[in-house]
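Peer 1: The structure is given below, and queries will be raised subsequently.
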Amino acid sequence: MARTRAMQRRGLTALGGSIMVAALFAWLPVQTAAADLRQGSDVTVGPGETVNDDIYAGAGTISIQGTVNGKVIAGGGTITVSGNVTGDLILGGGTINVTGHVGGSIIAGGGNLTLNGPVAQDIVVTGGRVDIGSGSTIGRDLVIAGGTATVSAPIARRVQMSSGSLTLRNRVGGDVRGRVDHLKLDGAQIAGNLDYTSNNQAQLVNGAHVAGTVTRHTPTDAGPNLGRGLLGWLRGLIGIFALGLLAILLLPRFSTRSIDILRSEPWLSLGIGAAIVVVTPIVAVIAFIVGLLIGGWWLGLLLVPLWILALALGYVVSGFLLGRLIFAQLGWGQYHDAIALLGGLVLLTVLGLIPVLGVLVGLAALVFGTGALALAVSRRARMRPAAA
């Protein structure tokens with residue numbers, strides 16, 4: 001009987017591991033083989049250096065001073081980009097400062113973001129404090145979410161906002177839409193419509209002008225929505241806890257290995273996680289389109305739910321580590337892993353209810369945890385051939 005149970009458990013473990021491998025690494029070997037992967041405490045591309053490749057970087061400090069003929073996907077404590085990047089710039093970090101020319105789009109999230117260089121396409125940013133200076137230009141759209149944001153750069157097309165406080169100081173070629181607590185147009189010239197949701201009237205000063213219509217929506221009454229919001233929060237918590245419980249019961253060693261990697265290599269986890277979060281949907285679309293032409297289109301569709309599963313498991317990894325760290329600080333030495341998992345997930349989901357900050361916390365949990373999970377799968381896969 002004991003032998004039968006052990007065989008069943010090994011079978012379930014293999015199945016769970018296979019699902020994770022498929023979700024995380026269906027595309028990763030192909031992508032990383034064609035990219036320059038850099039890690040360590042410091043990663044630097046010097047002023048006279050030219051990299052004719054995509055760069056994936058994870059480090060405490062990252063500095064791009066030279067030229068990168070490709071994309072840069074990076075996660076770190078402090079990221080500075082003063083050189084030229086011909087492709088997209090995808091960043092996650094505590095402090096981000098971009099003054100160089102970007103030939104593609106900027107997608108960034110962090111505590112403090114300062115952008116002051118020309119961007120040929122879109123800027124999609126979220127942060128506690130965002131400052132897009134007058135030295136920057138935005139060739140297409142701006143999508144912005146932040147606690148406090150100031151945009152002095154001209155914007156060729158539209159603005160989509162979700163901010164605590166947003167100040168626009170230059171020309172916008174299209175509409176400005178979204179939710180904001182305090183909106184100030186300081187000399188801004190809006191060529192399209194202004195359509196916003198806020199408890200406060202927008203301020204138009206220093207000759208600010210809206211060429212189209214101005215429509216303000218008042219947030220709906222929070223009373224009836226409060227109960228539905230709490231019920232939705234509870235359902236979400238139960239669902240993610242159930243997934244995490246399956247992971248730590250069926251794959252206890254793998255779960256522990258993942259949180260150990262996240263604790264010891266957070267910046268590398270951030271860089272790998274950011275790559276998975278951003279690149280996987282793009283690969284799924286390409287696989288679907290190519291599959292329609294040569295067959296196998298269903299592989300592109302299959303990759304999307306596996307990607308969602310991987311992100312959910314990454315969130316679980318972050319919650320599991322957070323719970324263990326909390327219990328360690330409290331001096332609790334005897335507890336089941338399920339209790340630590342529940343404690344960490346409760347804290348993450350409660351923080352997720354906070355406007356703006358909640359989005360940042362949830363995104364960080366997804367990216368860090370998914371990266372650690374990917375590293376655990378990758379290292380496990382390399383160990384098996386060596387053992388054989």
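Each chain of the structure tokens is named A, B, ... in the order shown, its residues numbered from 1; ligands are numbered from 1 in display order.
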Please list as a ChimeraX atom specification every residue within 7 Å of range 185-190 of chain A, counting only C-alpha atoms and excluding residues in the same chain fewer than 6 positions away.

Peer 2: /A:167-174,203-211

Peer 1: With a cut-off of 9 Å, could you pull out the residues of range 274-329 of chain A touching range 81-95 of chain A and give me the nearest pair of atoms for each, distance in Å to one decimal, using only C-alpha atoms, ordered by chain and ascending number, as JSON lines?

Peer 2:
{"residue": "A:Ala274", "atom": "CA", "partner": "A:Gly92", "partner_atom": "CA", "distance": 7.4}
{"residue": "A:Ala275", "atom": "CA", "partner": "A:Ile90", "partner_atom": "CA", "distance": 8.3}
{"residue": "A:Val278", "atom": "CA", "partner": "A:Ile90", "partner_atom": "CA", "distance": 8.3}

Peer 1: For the residues selected in the previous step, produce a file with N, CA and C atoms as a compact mmCIF listing (two decimals), in the first residue's frame.

Peer 2:
# COMPACT_ATOMS: atom_id res chain seq x y z
N ALA A 274 10.24 39.11 -15.92
CA ALA A 274 9.76 40.16 -16.83
C ALA A 274 9.75 39.68 -18.27
N ALA A 275 10.77 38.91 -18.65
CA ALA A 275 10.82 38.37 -20.01
C ALA A 275 9.65 37.43 -20.26
N VAL A 278 6.19 39.37 -20.52
CA VAL A 278 6.00 40.21 -21.70
C VAL A 278 6.06 39.41 -23.00

Peer 1: Taking into account only C-alpha atoms, which residue in the set A:Leu166, A:Val159, A:Ala364, A:Leu270 is nearest to Leu194 in chain A?

Peer 2: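 Selected residue with least distance to Leu194 in chain A: A:Val159.
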
Peer 1: Hey, what's within 9 Å of Leu299 in chain A if we count only C-alpha atoms and toss same-chain stuff fewer than 3 positions away? As a PyMOL selection string, please?

Peer 2: chain A and resi 284+287-288+291+296+302-303

Peer 1: Keeping N, CA and C atoms, export the residues of the selection given above as an mmCIF file, in the first residue's frame.

Peer 2:
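See result39.cif below for the written result:
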data_model
loop_
_atom_site.group_PDB
_atom_site.id
_atom_site.type_symbol
_atom_site.label_atom_id
_atom_site.label_comp_id
_atom_site.auth_asym_id
_atom_site.auth_seq_id
_atom_site.Cartn_x
_atom_site.Cartn_y
_atom_site.Cartn_z
ATOM 1 N N ALA A 284 2.890 33.493 -28.418
ATOM 2 C CA ALA A 284 1.638 32.771 -28.640
ATOM 3 C C ALA A 284 0.926 33.267 -29.894
ATOM 4 N N ALA A 287 2.923 32.090 -32.926
ATOM 5 C CA ALA A 287 2.724 30.658 -33.127
ATOM 6 C C ALA A 287 1.352 30.365 -33.722
ATOM 7 N N PHE A 288 0.347 31.103 -33.284
ATOM 8 C CA PHE A 288 -1.007 30.907 -33.812
ATOM 9 C C PHE A 288 -1.069 31.280 -35.295
ATOM 10 N N GLY A 291 0.891 28.853 -37.298
ATOM 11 C CA GLY A 291 0.174 27.580 -37.288
ATOM 12 C C GLY A 291 -0.971 27.541 -38.267
ATOM 13 N N GLY A 296 -0.682 23.295 -36.790
ATOM 14 C CA GLY A 296 -0.294 23.398 -35.379
ATOM 15 C C GLY A 296 -0.712 24.695 -34.727
ATOM 16 N N LEU A 302 -2.845 27.016 -26.894
ATOM 17 C CA LEU A 302 -2.510 26.279 -25.680
ATOM 18 C C LEU A 302 -1.531 27.050 -24.814
ATOM 19 N N LEU A 303 -0.655 27.826 -25.438
ATOM 20 C CA LEU A 303 0.369 28.542 -24.689
ATOM 21 C C LEU A 303 -0.231 29.605 -23.758
#

Peer 1: Between range 301-388 of chain A and range 51-74 of chain A, at 12 Å or less, what are the per-residue closest atom pairs and their distances in Å? Count only C-alpha atoms, order by chain and rising residue number, and return it as a Markdown table.

Peer 2:
| residue | atom | partner | partner_atom | distance |
| --- | --- | --- | --- | --- |
| A:Val367 | CA | A:Ala74 | CA | 11.7 |
| A:Phe368 | CA | A:Gly58 | CA | 11.2 |
| A:Gly371 | CA | A:Gly58 | CA | 10.5 |

Peer 1: Which of range 108-282 of chain A counts as strand (DSSP E or B) under DSSP, as a PyMOL selection string please?

Peer 2: chain A and resi 108-115+118-119+123-132+137-138+142-151+155+159-168+171-172+176-186+189-190+194-197+203-205+209-210+214-217

Peer 1: Selection from above, C-alpha atoms, as a PDB file, in the first residue's frame, can you write it?

Peer 2:
ATOM      1  CA  ALA A 108       8.477  49.994 -17.267  1.00  0.00           C
ATOM      2  CA  GLY A 109       7.408  49.595 -13.665  1.00  0.00           C
ATOM      3  CA  GLY A 110       9.195  50.747 -10.526  1.00  0.00           C
ATOM      4  CA  GLY A 111       9.245  52.916  -7.456  1.00  0.00           C
ATOM      5  CA  ASN A 112      10.679  56.043  -9.092  1.00  0.00           C
ATOM      6  CA  LEU A 113      10.818  56.490 -12.859  1.00  0.00           C
ATOM      7  CA  THR A 114      12.454  59.403 -14.699  1.00  0.00           C
ATOM      8  CA  LEU A 115      12.251  59.420 -18.499  1.00  0.00           C
ATOM      9  CA  PRO A 118      13.062  60.552 -27.203  1.00  0.00           C
ATOM     10  CA  VAL A 119      10.863  57.456 -27.605  1.00  0.00           C
ATOM     11  CA  ILE A 123       5.404  54.606 -23.266  1.00  0.00           C
ATOM     12  CA  VAL A 124       3.623  52.271 -20.839  1.00  0.00           C
ATOM     13  CA  VAL A 125       4.682  52.984 -17.251  1.00  0.00           C
ATOM     14  CA  THR A 126       3.544  52.400 -13.700  1.00  0.00           C
ATOM     15  CA  GLY A 127       5.276  53.602 -10.559  1.00  0.00           C
ATOM     16  CA  GLY A 128       5.038  55.362  -7.254  1.00  0.00           C
ATOM     17  CA  ARG A 129       6.478  58.525  -8.819  1.00  0.00           C
ATOM     18  CA  VAL A 130       6.766  59.068 -12.572  1.00  0.00           C
ATOM     19  CA  ASP A 131       8.447  62.066 -14.225  1.00  0.00           C
ATOM     20  CA  ILE A 132       8.559  62.289 -18.028  1.00  0.00           C
ATOM     21  CA  THR A 137       9.127  62.894 -26.946  1.00  0.00           C
ATOM     22  CA  ILE A 138       6.474  60.194 -27.254  1.00  0.00           C
ATOM     23  CA  LEU A 142       1.123  57.149 -23.350  1.00  0.00           C
ATOM     24  CA  VAL A 143      -0.369  54.663 -20.872  1.00  0.00           C
ATOM     25  CA  ILE A 144       0.396  55.729 -17.329  1.00  0.00           C
ATOM     26  CA  ALA A 145      -0.447  54.549 -13.821  1.00  0.00           C
ATOM     27  CA  GLY A 146       1.219  55.990 -10.771  1.00  0.00           C
ATOM     28  CA  GLY A 147       0.830  57.620  -7.423  1.00  0.00           C
ATOM     29  CA  THR A 148       2.194  60.959  -8.661  1.00  0.00           C
ATOM     30  CA  ALA A 149       2.986  61.569 -12.320  1.00  0.00           C
ATOM     31  CA  THR A 150       4.208  64.622 -14.252  1.00  0.00           C
ATOM     32  CA  VAL A 151       4.434  64.590 -18.051  1.00  0.00           C
ATOM     33  CA  ILE A 155       2.563  63.115 -26.991  1.00  0.00           C
ATOM     34  CA  VAL A 159      -3.172  59.333 -23.181  1.00  0.00           C
ATOM     35  CA  GLN A 160      -4.723  56.571 -21.073  1.00  0.00           C
ATOM     36  CA  MET A 161      -4.346  57.285 -17.350  1.00  0.00           C
ATOM     37  CA  SER A 162      -4.942  55.703 -13.953  1.00  0.00           C
ATOM     38  CA  SER A 163      -3.181  57.884 -11.413  1.00  0.00           C
ATOM     39  CA  GLY A 164      -3.487  59.453  -8.032  1.00  0.00           C
ATOM     40  CA  SER A 165      -2.177  62.760  -9.348  1.00  0.00           C
ATOM     41  CA  LEU A 166      -1.328  63.571 -12.970  1.00  0.00           C
ATOM     42  CA  THR A 167       0.016  66.812 -14.462  1.00  0.00           C
ATOM     43  CA  LEU A 168       0.217  67.306 -18.235  1.00  0.00           C
ATOM     44  CA  ARG A 171       0.735  68.952 -26.432  1.00  0.00           C
ATOM     45  CA  VAL A 172      -1.395  65.794 -26.749  1.00  0.00           C
ATOM     46  CA  VAL A 176      -7.009  61.964 -22.784  1.00  0.00           C
ATOM     47  CA  ARG A 177      -9.034  59.309 -20.954  1.00  0.00           C
ATOM     48  CA  GLY A 178      -9.087  57.361 -17.694  1.00  0.00           C
ATOM     49  CA  ARG A 179      -9.407  57.577 -13.929  1.00  0.00           C
ATOM     50  CA  VAL A 180      -7.481  60.067 -11.803  1.00  0.00           C
ATOM     51  CA  ASP A 181      -7.787  61.629  -8.356  1.00  0.00           C
ATOM     52  CA  HIS A 182      -6.276  64.987  -9.299  1.00  0.00           C
ATOM     53  CA  LEU A 183      -5.728  66.095 -12.902  1.00  0.00           C
ATOM     54  CA  LYS A 184      -3.897  69.301 -13.768  1.00  0.00           C
ATOM     55  CA  LEU A 185      -3.394  70.664 -17.269  1.00  0.00           C
ATOM     56  CA  ASP A 186      -0.552  73.139 -16.877  1.00  0.00           C
ATOM     57  CA  GLN A 189      -2.948  71.621 -25.383  1.00  0.00           C
ATOM     58  CA  ILE A 190      -5.287  68.661 -25.905  1.00  0.00           C
ATOM     59  CA  LEU A 194     -10.889  64.929 -22.293  1.00  0.00           C
ATOM     60  CA  ASP A 195     -12.940  62.106 -20.726  1.00  0.00           C
ATOM     61  CA  TYR A 196     -12.051  61.303 -17.123  1.00  0.00           C
ATOM     62  CA  THR A 197     -13.429  59.808 -13.896  1.00  0.00           C
ATOM     63  CA  GLN A 203      -7.471  72.218 -13.218  1.00  0.00           C
ATOM     64  CA  LEU A 204      -6.679  74.122 -16.431  1.00  0.00           C
ATOM     65  CA  VAL A 205      -3.964  76.743 -15.852  1.00  0.00           C
ATOM     66  CA  HIS A 209      -6.900  74.199 -23.721  1.00  0.00           C
ATOM     67  CA  VAL A 210      -9.012  71.200 -24.766  1.00  0.00           C
ATOM     68  CA  VAL A 214     -14.655  67.721 -21.682  1.00  0.00           C
ATOM     69  CA  THR A 215     -16.567  64.989 -19.831  1.00  0.00           C
ATOM     70  CA  ARG A 216     -16.154  64.239 -16.172  1.00  0.00           C
ATOM     71  CA  HIS A 217     -17.607  61.105 -14.562  1.00  0.00           C
TER      72      HIS A 217
END

Peer 1: Counting only C-alpha atoms, which of A:Ser269, A:Ser152, A:Ser318, A:Thr280 gets nearest to Leu306 in chain A?

Peer 2: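 For Leu306 in chain A, the nearest of the given residues is A:Thr280.
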
Peer 1: For CA of Trp307 in chain A and CA of Gly369 in chain A, determine how far apart the two atoms are, in Å to one decimal place.

Peer 2: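 Computing it gives 13.3 Å between the two atoms.
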
Peer 1: For Ala242 in chain A, which of A:Leu341, A:Trp332, A:Asp175, A:Gly135 is the closest residue, counting only C-alpha atoms?

Peer 2: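 Result for the nearest residue to Ala242 in chain A: A:Leu341.
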